[in-house]
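K.L.:
Mind looking over this structure? Questions follow.
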Amino acid sequence: MSKIIAVWGSPGSGKTSFAVKLACAVYEQYSAVVLLLSADLKTPSLPVLFPDRKADELTSVGVPLSKTEVTQNEVIKSIVTSKDKMNFGVLGYKNGENKYSYPSFDSQKANDLLAITQGLAHIVIVDCGSDMDELSKASVQRADTVIRLASPDLKSVAFYASQLPLYTEPSYKTEQHIIGLNITRNDVYMPLEDAKAHFGGVSFTLPYCRELKQQMLDGELFKSLSDKKYNGKLKKITVNLI
């Protein structure tokens, strides 16, 4: 059985860009079969990650989840691949899809999907929705490692003050989460030390990367970065996770 790494975070904390870069780093450093699962239905990831693909070239993870039974064959058909990465696949939602696009599903189906992905890849990285939809909840509960991402600002502080009390059940293992700060803006003043003191137990801080920001805007997150500082930090995080 493979390993699941769930990335959860406050809105605007850079979850998707970090999850993609982490998945790429694992793929490149360990020659692993990697699946990136984007569970967020509020902001579908496929049009962001594959902006040049036509609609009929993309398939949605909502399809296997809408079936009476989640099957491996349906999951495989829903994986979107990249020409440059032989053993790297993405599961996510398509442009225009929302919570009314498919029938609702329960935790059992979410876990069935996750179990199938574990049978297909060495590492499954889940980009969870901030509001913890059914698939995100199952991913956090099932994950071997949960990275809880925050940005050093009041919005992130307010988000966790509001949301963390909702996940006190032991199955969420919040005390075991790896807390990371992600500097997503190049402000003159960032209350970094204040944020570290507030969140407590911060394991890593990702530096601001203008190149990464541009890749996100251009839909080119699968491209390599030349930023040595960011790459060095990402490599250390990857080594500690795998």
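Chain labels run A, B, ... following the order of the structure tokens; each chain numbers its residues from 1, and ligands are numbered from 1 in the order shown.
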Enumerate the residues of chain A with a DSSP assignment of strand (DSSP E), computed from the backbone, and present them as a count of residues only.
P.N.:
43
K.L.:
Please provide the set of residues having any atom within 10 Å of Glu211 in chain A, restricted to only C-alpha atoms, with same-chain residues fewer than 5 positions apart removed, written as a PyMOL selection string.
P.N.:
chain A and resi 216-217+221+224-227+230
K.L.:
Report, in Å to a single decimal, how far apart CA of Gln72 in chain A and CA of Ile116 in chain A are.
P.N.:
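If I compute the distance from CA of Ile116 in chain A to CA of Gln72 in chain A, I get 6.0 Å.
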K.L.:
Taking 4 positions as the minimum chain separation for residues in the same chain, which residues sit within 8 Å of Leu35 in chain A when counting only C-alpha atoms? Answer as a list of chain:residue names.
P.N.:
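Listed by chain and then number, they are A:Ala23, A:Phe88, A:Gly89, A:Val90, A:Leu91, A:Thr117, A:Ala121, A:Ile123, A:Val124, A:Ile125.
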K.L.:
Given the selection you just returned, output its residues as a file containing N, CA, C and O atoms, formatted as a CSV table (one decimal), in the first residue's frame.
P.N.:
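Once written, out26.csv looks like this:
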```
chain,number,residue,atom,x,y,z
A,23,ALA,N,4.5,17.2,-5.3
A,23,ALA,CA,4.3,16.0,-6.1
A,23,ALA,C,5.4,15.9,-7.2
A,23,ALA,O,5.9,14.8,-7.4
A,88,PHE,N,3.3,10.0,-13.8
A,88,PHE,CA,2.7,11.1,-13.0
A,88,PHE,C,1.3,11.4,-13.5
A,88,PHE,O,1.1,11.6,-14.7
A,89,GLY,N,0.3,11.3,-12.6
A,89,GLY,CA,-1.1,11.6,-13.0
A,89,GLY,C,-1.8,12.5,-12.1
A,89,GLY,O,-1.4,12.7,-10.9
A,90,VAL,N,-2.9,13.1,-12.6
A,90,VAL,CA,-3.7,14.1,-11.8
A,90,VAL,C,-5.1,13.7,-11.9
A,90,VAL,O,-5.7,13.3,-12.9
A,91,LEU,N,-5.8,13.7,-10.7
A,91,LEU,CA,-7.2,13.5,-10.6
A,91,LEU,C,-7.8,14.8,-10.1
A,91,LEU,O,-7.3,15.4,-9.1
A,117,THR,N,-6.5,4.7,-5.5
A,117,THR,CA,-5.3,5.5,-5.8
A,117,THR,C,-4.1,4.9,-5.2
A,117,THR,O,-3.0,4.9,-5.8
A,121,ALA,N,-0.4,4.0,-7.3
A,121,ALA,CA,0.8,4.9,-7.2
A,121,ALA,C,1.5,4.6,-5.9
A,121,ALA,O,1.0,4.1,-4.9
A,123,ILE,N,3.1,7.2,-4.3
A,123,ILE,CA,2.7,8.3,-3.4
A,123,ILE,C,1.5,9.0,-4.0
A,123,ILE,O,1.4,9.3,-5.2
A,124,VAL,N,0.5,9.2,-3.1
A,124,VAL,CA,-0.7,10.0,-3.5
A,124,VAL,C,-0.6,11.3,-2.7
A,124,VAL,O,-0.6,11.3,-1.4
A,125,ILE,N,-0.6,12.4,-3.4
A,125,ILE,CA,-0.7,13.7,-2.7
A,125,ILE,C,-2.0,14.4,-3.0
A,125,ILE,O,-2.4,14.5,-4.1
```
K.L.:
At what distance in Å, to one decimal, does CA of Arg148 in chain A lie from CA of Tyr160 in chain A?
P.N.:
10.0 Å
K.L.:
Distance table requested - range 188-226 of chain A against range 149-153 of chain A, cut-off 10 Å, only C-alpha atoms: one row per qualifying residue with the closest atom pair and its distance in Å to one decimal, ordered by chain and rising residue number, as JSON lines.
P.N.:
```
{"residue": "A:Met190", "atom": "CA", "partner": "A:Pro152", "partner_atom": "CA", "distance": 6.7}
{"residue": "A:Pro191", "atom": "CA", "partner": "A:Pro152", "partner_atom": "CA", "distance": 6.2}
{"residue": "A:Leu192", "atom": "CA", "partner": "A:Pro152", "partner_atom": "CA", "distance": 5.7}
{"residue": "A:Glu193", "atom": "CA", "partner": "A:Pro152", "partner_atom": "CA", "distance": 8.6}
{"residue": "A:Asp194", "atom": "CA", "partner": "A:Pro152", "partner_atom": "CA", "distance": 8.0}
{"residue": "A:Ala195", "atom": "CA", "partner": "A:Pro152", "partner_atom": "CA", "distance": 5.2}
{"residue": "A:Lys196", "atom": "CA", "partner": "A:Pro152", "partner_atom": "CA", "distance": 7.9}
{"residue": "A:His198", "atom": "CA", "partner": "A:Pro152", "partner_atom": "CA", "distance": 9.6}
{"residue": "A:Phe199", "atom": "CA", "partner": "A:Ala150", "partner_atom": "CA", "distance": 8.6}
{"residue": "A:Val202", "atom": "CA", "partner": "A:Leu149", "partner_atom": "CA", "distance": 9.6}
{"residue": "A:Phe204", "atom": "CA", "partner": "A:Leu149", "partner_atom": "CA", "distance": 9.8}
{"residue": "A:Thr205", "atom": "CA", "partner": "A:Ser151", "partner_atom": "CA", "distance": 9.4}
{"residue": "A:Leu206", "atom": "CA", "partner": "A:Ser151", "partner_atom": "CA", "distance": 9.6}
```
K.L.:
One decimal, in Å: what's the spacing between CA of Tyr102 in chain A and CA of Ser78 in chain A?
P.N.:
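So the answer is 14.5 Å.
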K.L.:
Choose the residue, out of A:Leu65, A:Ile179, A:Ile242, A:Val140, that has the smallest atom-to-atom separation from Tyr167 in chain A; count only C-alpha atoms.
P.N.:
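Closest candidate: A:Val140.
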K.L.:
When distances are computed from only C-alpha atoms, which of A:Ile147, A:Gln141, A:Asp56, A:Trp8 shows the smallest separation from Thr168 in chain A?
P.N.:
A:Gln141
K.L.:
Excluding range 130-136 of chain A and residues on its chain fewer than 6 positions from it, collect all residues at most 10 Å away from it, counting only C-alpha atoms, and give them as a ChimeraX atom specification.
P.N.:
/A:6-13,15,37-42,65,99,104-111,113-114,142,159,163,167
